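Structure file structure-v8.txt (compact mmCIF, C-alpha atoms and all ligand atoms) is printed below.
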```txt
# COMPACT_ATOMS: atom_id res chain seq x y z
CA MET A 268 173.59 67.32 103.36
CA ILE A 269 171.01 65.07 105.00
CA TYR A 270 167.70 64.88 103.19
CA MET A 271 164.74 64.63 105.53
CA ASN A 272 161.16 63.45 105.41
CA ILE A 273 159.21 66.41 106.73
CA LEU A 274 155.64 67.00 107.83
CA VAL A 275 154.53 70.60 107.23
CA THR A 276 151.34 71.59 109.05
CA GLY A 277 149.61 74.54 107.41
CA GLY A 278 151.69 73.92 104.29
CA ALA A 279 148.97 75.13 101.90
CA GLY A 280 148.98 78.57 103.56
CA TYR A 281 150.93 81.70 102.70
CA ILE A 282 154.24 81.13 104.50
CA GLY A 283 153.84 77.33 104.49
CA SER A 284 153.54 77.06 100.70
CA HIS A 285 156.66 79.17 100.14
CA THR A 286 158.55 77.08 102.69
CA VAL A 287 157.44 73.83 101.04
CA VAL A 288 158.90 75.12 97.75
CA GLU A 289 162.25 75.85 99.41
CA LEU A 290 162.25 72.48 101.20
CA ILE A 291 161.58 70.56 97.98
CA GLU A 292 164.20 72.61 96.13
CA SER A 293 166.69 71.72 98.91
CA GLY A 294 166.00 68.02 98.30
CA HIS A 295 163.67 67.25 101.22
CA ASN A 296 160.52 65.14 100.98
CA VAL A 297 157.37 66.95 102.16
CA THR A 298 153.91 65.91 103.36
CA ILE A 299 151.31 68.56 104.19
CA VAL A 300 148.49 68.48 106.75
CA ASP A 301 146.19 71.49 106.29
CA ASP A 302 142.43 71.74 106.85
CA LEU A 303 142.25 74.40 104.07
CA SER A 304 140.32 76.69 106.44
CA ASN A 305 142.38 79.64 105.22
CA SER A 306 143.95 78.29 102.04
CA SER A 307 143.33 76.47 98.79
CA GLU A 308 144.36 73.14 97.35
CA ILE A 309 145.36 75.10 94.24
CA ALA A 310 148.38 76.37 96.18
CA VAL A 311 149.58 72.77 96.45
CA ASP A 312 149.13 72.28 92.67
CA ARG A 313 151.18 75.44 92.14
CA ILE A 314 153.95 74.11 94.40
CA GLY A 315 154.03 71.15 92.01
CA GLN A 316 154.22 73.51 89.02
CA ILE A 317 157.16 75.44 90.52
CA THR A 318 159.20 72.50 91.79
CA GLY A 319 158.10 69.59 89.60
CA VAL A 320 157.11 67.70 92.76
CA LYS A 321 153.60 67.85 94.16
CA PRO A 322 153.61 67.09 97.89
CA SER A 323 150.94 64.84 99.43
CA LEU A 324 148.17 66.79 101.12
CA PHE A 325 146.04 65.46 103.98
CA ALA A 326 143.14 67.86 104.48
CA PHE A 327 141.96 67.71 108.08
CA ASP A 328 142.05 69.67 111.31
CA LEU A 329 145.18 69.06 113.35
CA GLN A 330 143.04 68.78 116.46
CA ASP A 331 141.89 65.40 115.08
CA THR A 332 144.58 63.45 116.91
CA SER A 333 143.56 60.03 115.61
CA ARG A 334 143.81 61.10 111.93
CA LEU A 335 147.14 62.71 112.68
CA ASP A 336 148.29 59.49 114.32
CA GLU A 337 147.38 57.58 111.11
CA VAL A 338 149.46 59.99 109.00
CA PHE A 339 152.45 59.51 111.32
CA ALA A 340 151.94 55.73 111.32
CA SER A 341 152.09 55.56 107.53
CA ASN A 342 155.06 57.95 107.10
CA SER A 343 158.37 57.94 108.86
CA PHE A 344 158.89 61.66 109.56
CA ASP A 345 162.27 63.04 110.60
CA ALA A 346 160.95 66.50 111.49
CA VAL A 347 157.88 68.73 111.60
CA ILE A 348 157.43 72.38 110.65
CA HIS A 349 154.32 73.68 112.38
CA PHE A 350 152.56 76.60 110.65
CA ALA A 351 148.91 75.58 111.13
CA GLY A 352 146.85 77.98 113.18
CA LEU A 353 144.56 80.98 113.04
CA LYS A 354 146.31 84.32 112.62
CA ALA A 355 143.87 87.24 112.27
CA VAL A 356 144.58 89.63 115.13
CA GLY A 357 141.22 91.47 114.99
CA GLU A 358 139.20 88.25 114.73
CA SER A 359 141.05 86.87 117.76
CA VAL A 360 139.71 89.76 119.86
CA VAL A 361 136.14 88.92 118.79
CA LYS A 362 136.53 85.11 119.01
CA PRO A 363 139.16 84.52 121.71
CA LEU A 364 138.03 80.99 122.57
CA LEU A 365 138.26 79.89 118.94
CA TYR A 366 141.83 81.17 118.82
CA TYR A 367 142.94 79.68 122.14
CA LYS A 368 141.30 76.34 121.33
CA THR A 369 142.46 75.99 117.72
CA ASN A 370 146.02 77.19 118.14
CA ILE A 371 146.76 75.49 121.45
CA ASP A 372 144.84 72.22 120.92
CA SER A 373 146.40 71.79 117.47
CA THR A 374 149.86 72.12 118.97
CA LEU A 375 149.10 69.74 121.86
CA SER A 376 147.67 67.20 119.44
CA LEU A 377 150.81 67.45 117.32
CA LEU A 378 153.18 67.13 120.29
CA GLU A 379 151.32 64.08 121.57
CA VAL A 380 151.52 62.29 118.22
CA MET A 381 155.16 63.32 117.69
CA ALA A 382 156.05 61.84 121.10
CA LYS A 383 154.20 58.61 120.30
CA HIS A 384 156.13 58.20 117.05
CA ASN A 385 159.49 59.39 118.44
CA VAL A 386 159.73 62.42 116.16
CA ARG A 387 161.96 64.85 118.04
CA LYS A 388 162.61 67.73 115.65
CA LEU A 389 160.20 70.65 115.44
CA VAL A 390 160.31 74.13 113.90
CA PHE A 391 157.50 76.38 115.11
CA SER A 392 156.01 79.60 113.65
CA SER A 393 156.17 82.11 116.43
CA SER A 394 155.94 85.85 116.03
CA ALA A 395 157.61 89.11 117.01
CA THR A 396 154.29 89.80 118.72
CA VAL A 397 155.59 87.82 121.76
CA TYR A 398 157.90 90.76 122.57
CA GLY A 399 154.89 93.01 123.22
CA SER A 400 156.14 96.22 124.77
CA ALA A 401 159.85 95.23 125.07
CA PRO A 402 162.40 97.89 124.06
CA ILE A 403 163.54 97.88 120.40
CA PRO A 404 165.34 96.35 118.64
CA TYR A 405 163.94 93.04 119.88
CA SER A 406 166.61 90.45 120.56
CA GLU A 407 165.99 86.86 121.64
CA SER A 408 167.05 87.82 125.16
CA SER A 409 164.50 90.68 125.35
CA PRO A 410 161.65 90.10 127.81
CA ILE A 411 158.58 88.44 126.30
CA GLY A 412 154.90 88.29 127.28
CA GLN A 413 154.43 91.85 128.57
CA GLY A 414 152.04 94.13 126.70
CA ILE A 415 150.68 91.61 124.19
CA THR A 416 147.47 93.31 123.03
CA ASN A 417 145.37 90.45 121.60
CA PRO A 418 144.48 86.75 122.07
CA TYR A 419 146.27 85.73 118.86
CA GLY A 420 149.55 87.06 120.27
CA GLN A 421 148.85 85.36 123.59
CA THR A 422 148.48 81.99 121.82
CA LYS A 423 151.97 82.40 120.33
CA TYR A 424 153.38 83.30 123.75
CA MET A 425 151.60 80.35 125.41
CA ILE A 426 152.64 77.85 122.75
CA GLU A 427 156.25 79.00 123.08
CA GLN A 428 156.02 78.29 126.81
CA ILE A 429 154.46 74.87 126.18
CA LEU A 430 157.35 74.06 123.83
CA ARG A 431 159.99 75.27 126.31
CA ASP A 432 158.43 73.17 129.10
CA THR A 433 158.23 70.13 126.80
CA GLY A 434 161.88 70.63 125.83
CA THR A 435 162.91 70.91 129.48
CA ALA A 436 161.20 67.61 130.27
CA ASP A 437 162.95 65.70 127.47
CA SER A 438 166.50 66.71 126.62
CA GLN A 439 166.44 64.74 123.35
CA LEU A 440 163.95 67.14 121.76
CA GLU A 441 165.25 69.62 119.18
CA PHE A 442 162.93 72.60 118.89
CA SER A 443 163.41 75.87 117.05
CA LEU A 444 160.98 78.72 117.71
CA LEU A 445 161.06 81.24 114.87
CA ARG A 446 159.84 84.74 115.64
CA TYR A 447 158.79 86.29 112.35
CA PHE A 448 158.69 90.02 111.85
CA ASN A 449 156.37 91.26 109.03
CA PRO A 450 156.25 88.71 106.19
CA VAL A 451 155.29 90.16 102.78
CA GLY A 452 155.95 89.48 99.10
CA ALA A 453 155.40 86.41 96.98
CA HIS A 454 157.31 83.79 95.04
CA PRO A 455 159.06 85.39 92.02
CA SER A 456 157.22 82.96 89.70
CA GLY A 457 153.95 84.80 90.53
CA LEU A 458 152.34 81.39 91.08
CA ILE A 459 151.98 81.47 94.88
CA GLY A 460 151.36 84.38 97.22
CA GLU A 461 149.16 85.70 100.00
CA ASP A 462 145.44 85.21 99.32
CA PRO A 463 143.53 86.84 102.18
CA ARG A 464 139.82 86.10 102.51
CA GLY A 465 137.64 89.21 102.60
CA VAL A 466 139.12 92.59 103.43
CA PRO A 467 142.88 92.24 104.07
CA ASN A 468 143.96 93.00 107.65
CA ASN A 469 147.59 93.58 106.79
CA LEU A 470 149.22 96.47 104.98
CA MET A 471 150.87 94.87 101.93
CA PRO A 472 147.88 92.83 100.68
CA PHE A 473 145.68 95.89 101.13
CA VAL A 474 148.10 98.03 99.12
CA ALA A 475 148.21 95.34 96.41
CA GLN A 476 144.40 95.30 96.17
CA VAL A 477 144.30 99.11 95.90
CA ALA A 478 146.89 98.92 93.11
CA SER A 479 144.79 96.37 91.22
CA GLY A 480 141.66 98.51 91.56
CA LYS A 481 139.90 96.04 93.84
CA ARG A 482 139.84 98.64 96.68
CA LYS A 483 139.50 102.38 96.25
CA GLU A 484 142.04 103.69 98.71
CA LEU A 485 144.30 102.76 101.57
CA SER A 486 143.59 104.09 105.05
CA ILE A 487 146.88 104.72 106.82
CA PHE A 488 146.23 104.15 110.50
CA GLY A 489 147.82 107.14 112.26
CA ASN A 490 150.22 109.84 111.08
CA ASP A 491 150.95 111.31 114.50
CA TYR A 492 153.30 108.64 115.89
CA ASN A 493 156.67 109.67 117.25
CA THR A 494 158.51 108.47 114.10
CA PRO A 495 160.24 110.52 111.37
CA ASP A 496 157.16 110.70 109.09
CA GLY A 497 154.52 110.06 111.78
CA THR A 498 153.54 106.57 110.48
CA CYS A 499 154.39 103.24 112.11
CA ILE A 500 157.66 101.47 111.43
CA ARG A 501 157.97 97.71 110.86
CA ASP A 502 160.62 95.20 109.84
CA TYR A 503 159.26 93.72 106.58
CA ILE A 504 160.72 90.41 105.45
CA HIS A 505 160.31 88.82 102.00
CA VAL A 506 158.44 85.52 102.34
CA VAL A 507 161.10 83.74 100.27
CA ASP A 508 163.82 84.86 102.71
CA LEU A 509 161.55 83.72 105.54
CA ALA A 510 161.01 80.35 103.87
CA LYS A 511 164.78 79.90 103.51
CA GLY A 512 165.09 80.72 107.22
CA HIS A 513 163.00 77.61 107.94
CA VAL A 514 165.28 75.41 105.85
CA ALA A 515 168.28 76.87 107.73
CA ALA A 516 166.58 76.29 111.10
CA LEU A 517 165.74 72.71 110.19
CA GLN A 518 169.28 71.96 109.09
CA ASN A 519 170.74 73.48 112.27
CA LEU A 520 168.53 71.89 114.91
CA ASN A 521 170.26 70.90 118.14
CA PRO A 522 169.02 69.28 121.34
CA GLY A 523 167.14 71.88 123.40
CA VAL A 524 164.82 74.76 122.61
CA ASN A 525 166.16 77.75 120.68
CA GLU A 526 164.42 80.96 119.72
CA TYR A 527 165.37 82.94 116.60
CA ASN A 528 164.29 86.27 115.20
CA LEU A 529 163.65 86.13 111.47
CA GLY A 530 163.78 89.74 110.38
CA SER A 531 166.09 92.11 108.51
CA GLY A 532 166.98 94.49 111.33
CA ARG A 533 165.74 97.44 109.24
CA GLY A 534 162.65 99.51 109.86
CA THR A 535 160.39 100.88 107.10
CA SER A 536 157.48 103.26 107.67
CA VAL A 537 154.02 102.81 106.18
CA LEU A 538 154.57 105.86 103.95
CA GLU A 539 157.94 104.55 102.78
CA LEU A 540 156.43 101.17 101.89
CA VAL A 541 153.56 102.77 99.97
CA GLY A 542 155.99 105.10 98.15
CA THR A 543 158.27 102.21 97.18
CA PHE A 544 155.32 100.14 95.96
CA SER A 545 154.21 103.00 93.70
CA SER A 546 157.63 103.68 92.26
CA VAL A 547 158.55 100.01 91.70
CA THR A 548 155.24 99.02 90.10
CA GLY A 549 154.21 102.30 88.47
CA GLN A 550 150.80 101.97 90.15
CA GLU A 551 149.26 104.87 91.98
CA ILE A 552 148.14 104.10 95.56
CA PRO A 553 145.51 106.61 96.69
CA TYR A 554 145.54 106.91 100.48
CA SER A 555 144.19 108.99 103.32
CA PHE A 556 145.11 109.19 106.96
CA ALA A 557 142.78 107.61 109.50
CA GLU A 558 142.68 107.08 113.26
CA ARG A 559 145.35 104.96 114.89
CA ARG A 560 144.47 101.24 114.95
CA PRO A 561 144.09 100.01 118.54
CA GLY A 562 146.97 97.80 119.67
CA ASP A 563 149.50 99.05 117.07
CA LEU A 564 153.00 99.76 118.36
CA PRO A 565 154.76 102.81 116.86
CA GLU A 566 157.93 100.97 115.90
CA PHE A 567 159.61 97.59 116.09
CA TYR A 568 162.33 95.73 114.26
CA ALA A 569 164.60 92.75 114.83
CA ASP A 570 168.08 92.31 116.10
CA PRO A 571 168.84 89.52 113.57
CA LYS A 572 172.36 88.58 114.83
CA LYS A 573 171.54 85.26 116.48
CA ALA A 574 170.10 83.69 113.33
CA LYS A 575 173.08 84.92 111.34
CA ILE A 576 175.56 83.34 113.75
CA ASP A 577 173.78 80.05 114.53
CA LEU A 578 171.88 79.40 111.29
CA SER A 579 174.14 81.20 108.78
CA TRP A 580 170.98 82.89 107.56
CA LYS A 581 170.14 86.51 106.85
CA THR A 582 167.68 88.33 104.66
CA GLU A 583 168.81 88.94 101.08
CA LEU A 584 165.82 90.62 99.43
CA SER A 585 164.94 94.32 99.52
CA ILE A 586 161.73 96.30 99.98
CA ASP A 587 161.81 96.82 96.18
CA ASP A 588 161.84 93.02 95.71
CA MET A 589 158.95 92.64 98.18
CA CYS A 590 156.84 95.20 96.29
CA ARG A 591 157.72 93.88 92.83
CA ASP A 592 156.94 90.26 93.74
CA THR A 593 153.71 91.18 95.55
CA TRP A 594 152.58 93.04 92.45
CA ARG A 595 153.50 90.19 90.09
CA TRP A 596 151.39 87.80 92.20
CA GLN A 597 148.49 90.25 92.61
CA SER A 598 148.33 91.30 88.95
CA SER A 599 148.50 87.74 87.63
CA ASN A 600 146.03 86.40 90.25
CA PRO A 601 143.67 89.34 90.92
CA ASN A 602 141.18 87.04 92.66
CA GLY A 603 143.75 84.84 94.37
CA TYR A 604 143.49 81.08 93.98
CA VAL A 605 140.36 80.76 91.87
CA ASP A 606 139.39 77.34 90.59
CA ASN A 607 138.73 78.06 86.89
CA SER A 608 137.96 74.39 86.18
CA MET A 609 134.44 74.97 87.58
CA SER A 610 133.59 77.86 85.26
P1 LIG A 701 147.90 81.10 106.66
O1 LIG A 701 146.55 81.26 107.27
O2 LIG A 701 148.08 81.42 105.24
O3 LIG A 701 148.43 79.61 106.92
C1 LIG A 701 148.00 78.82 108.00
C2 LIG A 701 147.50 77.52 107.42
O4 LIG A 701 147.07 76.66 108.47
C3 LIG A 701 146.30 77.71 106.49
O5 LIG A 701 146.55 77.06 105.26
C4 LIG A 701 145.12 77.10 107.25
O6 LIG A 701 144.19 76.51 106.36
C5 LIG A 701 145.83 76.08 108.11
N1 LIG A 701 145.14 75.76 109.37
C6 LIG A 701 144.62 76.64 110.26
N2 LIG A 701 144.13 75.97 111.32
C7 LIG A 701 144.34 74.65 111.09
C8 LIG A 701 144.06 73.47 111.82
N3 LIG A 701 143.45 73.51 113.01
N4 LIG A 701 144.41 72.28 111.29
C9 LIG A 701 145.03 72.23 110.08
N5 LIG A 701 145.33 73.31 109.35
C10 LIG A 701 145.00 74.51 109.85
O7 LIG A 701 148.92 81.96 107.57
P2 LIG A 701 150.44 82.30 107.33
O8 LIG A 701 150.55 83.77 107.17
O9 LIG A 701 151.03 81.41 106.33
O10 LIG A 701 151.00 81.96 108.77
C11 LIG A 701 151.59 80.71 109.07
C12 LIG A 701 151.98 80.69 110.54
O11 LIG A 701 152.88 81.76 110.79
C13 LIG A 701 150.81 80.89 111.49
O12 LIG A 701 151.02 80.08 112.62
C14 LIG A 701 150.91 82.36 111.86
O13 LIG A 701 150.36 82.61 113.12
C15 LIG A 701 152.42 82.54 111.87
N6 LIG A 701 152.82 83.94 111.65
C16 LIG A 701 152.33 84.62 110.57
C17 LIG A 701 152.69 85.94 110.37
C18 LIG A 701 152.14 86.73 109.22
O14 LIG A 701 152.18 87.95 109.27
N7 LIG A 701 151.65 86.11 108.15
C19 LIG A 701 153.56 86.56 111.27
C20 LIG A 701 154.05 85.84 112.36
C21 LIG A 701 153.66 84.53 112.53
C1 LIG A 702 151.64 97.20 109.45
C2 LIG A 702 151.46 98.71 109.57
C3 LIG A 702 149.36 99.39 110.52
C4 LIG A 702 146.77 98.06 107.26
C5 LIG A 702 150.56 91.94 112.16
C6 LIG A 702 150.28 91.22 113.45
C7 LIG A 702 151.53 90.56 113.95
C8 LIG A 702 152.15 89.68 112.86
C9 LIG A 702 152.28 90.38 111.55
C10 LIG A 702 151.45 87.43 113.14
C11 LIG A 702 150.81 99.14 110.88
C12 LIG A 702 149.49 99.86 109.09
C13 LIG A 702 147.88 98.32 108.06
C14 LIG A 702 146.08 99.15 106.68
C15 LIG A 702 147.65 100.67 107.68
N1 LIG A 702 151.33 88.55 112.59
N2 LIG A 702 148.31 99.60 108.26
N3 LIG A 702 146.55 100.41 106.91
O1 LIG A 702 150.18 94.98 112.71
O2 LIG A 702 152.68 95.10 112.26
O3 LIG A 702 151.57 92.92 112.39
O4 LIG A 702 151.05 91.01 111.19
O5 LIG A 702 152.11 87.10 114.08
O6 LIG A 702 151.18 89.83 115.08
O7 LIG A 702 149.81 92.16 114.40
O8 LIG A 702 151.14 94.31 110.43
O9 LIG A 702 150.51 94.67 108.09
O10 LIG A 702 148.71 94.74 109.87
O11 LIG A 702 150.39 96.58 109.75
O12 LIG A 702 148.01 101.83 107.87
O13 LIG A 702 145.07 98.99 105.98
O14 LIG A 702 150.55 99.14 108.54
O15 LIG A 702 148.75 100.36 111.31
O16 LIG A 702 151.40 100.33 111.26
P1 LIG A 702 151.37 94.44 112.04
P2 LIG A 702 150.11 95.02 109.47
```
Go ahead and render the structure in this file as structure tokens.
Amino acid sequence: MIYMNILVTGGAGYIGSHTVVELIESGHNVTIVDDLSNSSEIAVDRIGQITGVKPSLFAFDLQDTSRLDEVFASNSFDAVIHFAGLKAVGESVVKPLLYYKTNIDSTLSLLEVMAKHNVRKLVFSSSATVYGSAPIPYSESSPIGQGITNPYGQTKYMIEQILRDTGTADSQLEFSLLRYFNPVGAHPSGLIGEDPRGVPNNLMPFVAQVASGKRKELSIFGNDYNTPDGTCIRDYIHVVDLAKGHVAALQNLNPGVNEYNLGSGRGTSVLELVGTFSSVTGQEIPYSFAERRPGDLPEFYADPKKAKIDLSWKTELSIDDMCRDTWRWQSSNPNGYVDNSMS
């Protein structure tokens, strides 16, 4: 086992914080760069509580290349995991330039500084959204880039292409592009989890807020899809499994650019997820059916074979685990990461 010194961009965020925990628990040393635009420093304190090691946090925008250069100059990084970026699909439709600029400039800034300091290993947060309208299940050899319905998804597709071109130009680079399916759940400690600002865009945090009484009812977007119960089907993945997928990717980097699906290979409908949440937590989830949400695909899930073969990684946790851990986080932190020291 080789312990590495790792920079995690966006490490205070939802998936980043869970990955930092797994990295520290695997013996790696972690430094975080995160501008806290969609996260809280309290998450970093909580990482310290869980692992006994509080990682260093540098709070600035990754687009600030000179500050990033200083961080690289004062640390000798072996690898980078790049989570930082904006991720709200609906907001990206309203503010496309903000999304293209932030997500792409941040990545270019990072690649420039990595090249200057000879850091060759990178794991990148991509998304199943790059498959757009490809046939299901999505495998890494499925076509990408067709039928992406929003600027957020386009940024993931474009950044993937930037990384493939960069890898083609320098055969010493070792890049892994991880295409996440639908990350949900929280750390079993209940100390870290997803803390959306404002009204949650995604299903699981909305369900959790209905369960806690913060929202009155869930609107289920569409019950007339061509699926067994009429609601959309997704491949939900527990965030702890996803975090472990990053450790596996990091430890199995090879020269070249490789893409991996991180999903379970199983589809779950909206109604099934809501039903499981209710039965596992004992909380009632009032819901009603609403119009379809523009841009939603009826059904997609992963072909997860490549990650299993190359990374010796597969999902271990069930939909029950995802619901139970989401509820533990939500019920013990009903207002997310609130700084009680001020009150
Ligand atoms: P998140 O918003 O919780 O985490 C992203 C972090 O990056 C935040 O802490 C934010 O403050 C930080 N950040 C944003 N822009 C920055 C910038 N310019 N400079 C420095 N820090 C910046 O989101 P997440 O759910 O943890 O997602 C992490 C990554 O995974 C993102 O790239 C996202 O697009 C990708 N992804 C997420 C999902 C999902 O459903 N959550 C699915 C597929 C891919
Ligand atoms: C799941 C299902 C909704 C909310 C998004 C991004 C994707 C990726 C993951 C980053 C859908 C339904 C939702 C609600 C509902 N992110 N729903 N009521 O859309 O599969 O994926 O997050 O890369 O790019 O698009 O996830 O959780 O928003 O929706 O009925 O209040 O739940 O219609 O069928 P989605 P989601």
Collect all residues with atoms no farther than 9 Å from ligand LIG 701 (chain A), counting only C-alpha atoms and all ligand atoms, and output them as a PyMOL selection string. chain A and resi 276-285+300-307+326-331+349-355+369-370+372-374+391-396+419-420+422-423+445-451+461-463+469+506
Next, dump the selected residues to file, keeping only C-alpha atoms, as a JSON list (two decimals), keeping the file's coordinate frame.
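Writing the result to result29.json gives the following:
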```json
[["chain", "number", "residue", "atom", "x", "y", "z"],
["A", 276, "THR", "CA", 151.34, 71.59, 109.05],
["A", 277, "GLY", "CA", 149.61, 74.54, 107.41],
["A", 278, "GLY", "CA", 151.69, 73.92, 104.29],
["A", 279, "ALA", "CA", 148.97, 75.13, 101.90],
["A", 280, "GLY", "CA", 148.98, 78.57, 103.56],
["A", 281, "TYR", "CA", 150.93, 81.70, 102.70],
["A", 282, "ILE", "CA", 154.24, 81.13, 104.50],
["A", 283, "GLY", "CA", 153.84, 77.33, 104.49],
["A", 284, "SER", "CA", 153.54, 77.06, 100.70],
["A", 285, "HIS", "CA", 156.66, 79.17, 100.14],
["A", 300, "VAL", "CA", 148.49, 68.48, 106.75],
["A", 301, "ASP", "CA", 146.19, 71.49, 106.29],
["A", 302, "ASP", "CA", 142.43, 71.74, 106.85],
["A", 303, "LEU", "CA", 142.25, 74.40, 104.07],
["A", 304, "SER", "CA", 140.32, 76.69, 106.44],
["A", 305, "ASN", "CA", 142.38, 79.64, 105.22],
["A", 306, "SER", "CA", 143.95, 78.29, 102.04],
["A", 307, "SER", "CA", 143.33, 76.47, 98.79],
["A", 326, "ALA", "CA", 143.14, 67.86, 104.48],
["A", 327, "PHE", "CA", 141.96, 67.71, 108.08],
["A", 328, "ASP", "CA", 142.05, 69.67, 111.31],
["A", 329, "LEU", "CA", 145.18, 69.06, 113.35],
["A", 330, "GLN", "CA", 143.04, 68.78, 116.46],
["A", 331, "ASP", "CA", 141.89, 65.40, 115.08],
["A", 349, "HIS", "CA", 154.32, 73.68, 112.38],
["A", 350, "PHE", "CA", 152.56, 76.60, 110.65],
["A", 351, "ALA", "CA", 148.91, 75.58, 111.13],
["A", 352, "GLY", "CA", 146.85, 77.98, 113.18],
["A", 353, "LEU", "CA", 144.56, 80.98, 113.04],
["A", 354, "LYS", "CA", 146.31, 84.32, 112.62],
["A", 355, "ALA", "CA", 143.87, 87.24, 112.27],
["A", 369, "THR", "CA", 142.46, 75.99, 117.72],
["A", 370, "ASN", "CA", 146.02, 77.19, 118.14],
["A", 372, "ASP", "CA", 144.84, 72.22, 120.92],
["A", 373, "SER", "CA", 146.40, 71.79, 117.47],
["A", 374, "THR", "CA", 149.86, 72.12, 118.97],
["A", 391, "PHE", "CA", 157.50, 76.38, 115.11],
["A", 392, "SER", "CA", 156.01, 79.60, 113.65],
["A", 393, "SER", "CA", 156.17, 82.11, 116.43],
["A", 394, "SER", "CA", 155.94, 85.85, 116.03],
["A", 395, "ALA", "CA", 157.61, 89.11, 117.01],
["A", 396, "THR", "CA", 154.29, 89.80, 118.72],
["A", 419, "TYR", "CA", 146.27, 85.73, 118.86],
["A", 420, "GLY", "CA", 149.55, 87.06, 120.27],
["A", 422, "THR", "CA", 148.48, 81.99, 121.82],
["A", 423, "LYS", "CA", 151.97, 82.40, 120.33],
["A", 445, "LEU", "CA", 161.06, 81.24, 114.87],
["A", 446, "ARG", "CA", 159.84, 84.74, 115.64],
["A", 447, "TYR", "CA", 158.79, 86.29, 112.35],
["A", 448, "PHE", "CA", 158.69, 90.02, 111.85],
["A", 449, "ASN", "CA", 156.37, 91.26, 109.03],
["A", 450, "PRO", "CA", 156.25, 88.71, 106.19],
["A", 451, "VAL", "CA", 155.29, 90.16, 102.78],
["A", 461, "GLU", "CA", 149.16, 85.70, 100.00],
["A", 462, "ASP", "CA", 145.44, 85.21, 99.32],
["A", 463, "PRO", "CA", 143.53, 86.84, 102.18],
["A", 469, "ASN", "CA", 147.59, 93.58, 106.79],
["A", 506, "VAL", "CA", 158.44, 85.52, 102.34]]
```
Restrict the calculation to only C-alpha atoms and all ligand atoms, then for each residue of chain A with any atom at most 6 Å from an atom of ligand LIG 702 (chain A) give the closest atom pair and their distance in Å to one decimal, rows by chain and rising residue number, as JSON lines.
```
{"residue": "A:Val356", "atom": "CA", "partner": "A:LIG702", "partner_atom": "O7", "distance": 5.9}
{"residue": "A:Ser394", "atom": "CA", "partner": "A:LIG702", "partner_atom": "O5", "distance": 4.5}
{"residue": "A:Thr396", "atom": "CA", "partner": "A:LIG702", "partner_atom": "O6", "distance": 4.8}
{"residue": "A:Asn449", "atom": "CA", "partner": "A:LIG702", "partner_atom": "C9", "distance": 4.9}
{"residue": "A:Asn468", "atom": "CA", "partner": "A:LIG702", "partner_atom": "O10", "distance": 5.5}
{"residue": "A:Asn469", "atom": "CA", "partner": "A:LIG702", "partner_atom": "O9", "distance": 3.4}
{"residue": "A:Leu470", "atom": "CA", "partner": "A:LIG702", "partner_atom": "C4", "distance": 3.7}
{"residue": "A:Phe473", "atom": "CA", "partner": "A:LIG702", "partner_atom": "O13", "distance": 5.8}
{"residue": "A:Leu485", "atom": "CA", "partner": "A:LIG702", "partner_atom": "O13", "distance": 5.9}
{"residue": "A:Ser486", "atom": "CA", "partner": "A:LIG702", "partner_atom": "N3", "distance": 5.1}
{"residue": "A:Ile487", "atom": "CA", "partner": "A:LIG702", "partner_atom": "O12", "distance": 3.3}
{"residue": "A:Phe488", "atom": "CA", "partner": "A:LIG702", "partner_atom": "O12", "distance": 3.9}
{"residue": "A:Cys499", "atom": "CA", "partner": "A:LIG702", "partner_atom": "O16", "distance": 4.3}
{"residue": "A:Val537", "atom": "CA", "partner": "A:LIG702", "partner_atom": "O14", "distance": 5.6}
{"residue": "A:Arg560", "atom": "CA", "partner": "A:LIG702", "partner_atom": "O15", "distance": 5.7}
{"residue": "A:Asp563", "atom": "CA", "partner": "A:LIG702", "partner_atom": "O15", "distance": 6.0}
```
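Reported to one decimal place, the separation of atom CA of Ile500 of chain A from atom CA of Gly549 of chain A is 23.2 Å.
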Could you work out how far atom CA of Asn342 of chain A lies from atom CA of Ile269 of chain A, giving the answer in Å with one decimal?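 Separation of atom CA of Ile269 of chain A and atom CA of Asn342 of chain A: 17.6 Å.
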Could you give me, as JSON lines, a per-residue list for segment 386-496 of chain A showing, wherever an atom lies at most 7 Å from an atom of segment 517-529 of chain A, the closest pair of atoms and their distance in Å to one decimal, using only C-alpha atoms and sorting by chain then residue number from low to high?
```
{"residue": "A:Val390", "atom": "CA", "partner": "A:Leu517", "partner_atom": "CA", "distance": 6.7}
{"residue": "A:Glu407", "atom": "CA", "partner": "A:Glu526", "partner_atom": "CA", "distance": 6.4}
{"residue": "A:Arg431", "atom": "CA", "partner": "A:Val524", "partner_atom": "CA", "distance": 6.1}
{"residue": "A:Gly434", "atom": "CA", "partner": "A:Gly523", "partner_atom": "CA", "distance": 5.9}
{"residue": "A:Ser438", "atom": "CA", "partner": "A:Gly523", "partner_atom": "CA", "distance": 6.1}
{"residue": "A:Gln439", "atom": "CA", "partner": "A:Pro522", "partner_atom": "CA", "distance": 5.6}
{"residue": "A:Leu440", "atom": "CA", "partner": "A:Pro522", "partner_atom": "CA", "distance": 5.5}
{"residue": "A:Glu441", "atom": "CA", "partner": "A:Pro522", "partner_atom": "CA", "distance": 4.4}
{"residue": "A:Phe442", "atom": "CA", "partner": "A:Val524", "partner_atom": "CA", "distance": 4.7}
{"residue": "A:Ser443", "atom": "CA", "partner": "A:Asn525", "partner_atom": "CA", "distance": 4.9}
{"residue": "A:Leu444", "atom": "CA", "partner": "A:Glu526", "partner_atom": "CA", "distance": 4.6}
{"residue": "A:Leu445", "atom": "CA", "partner": "A:Tyr527", "partner_atom": "CA", "distance": 4.9}
{"residue": "A:Arg446", "atom": "CA", "partner": "A:Asn528", "partner_atom": "CA", "distance": 4.7}
{"residue": "A:Tyr447", "atom": "CA", "partner": "A:Leu529", "partner_atom": "CA", "distance": 4.9}
{"residue": "A:Phe448", "atom": "CA", "partner": "A:Leu529", "partner_atom": "CA", "distance": 6.3}
```
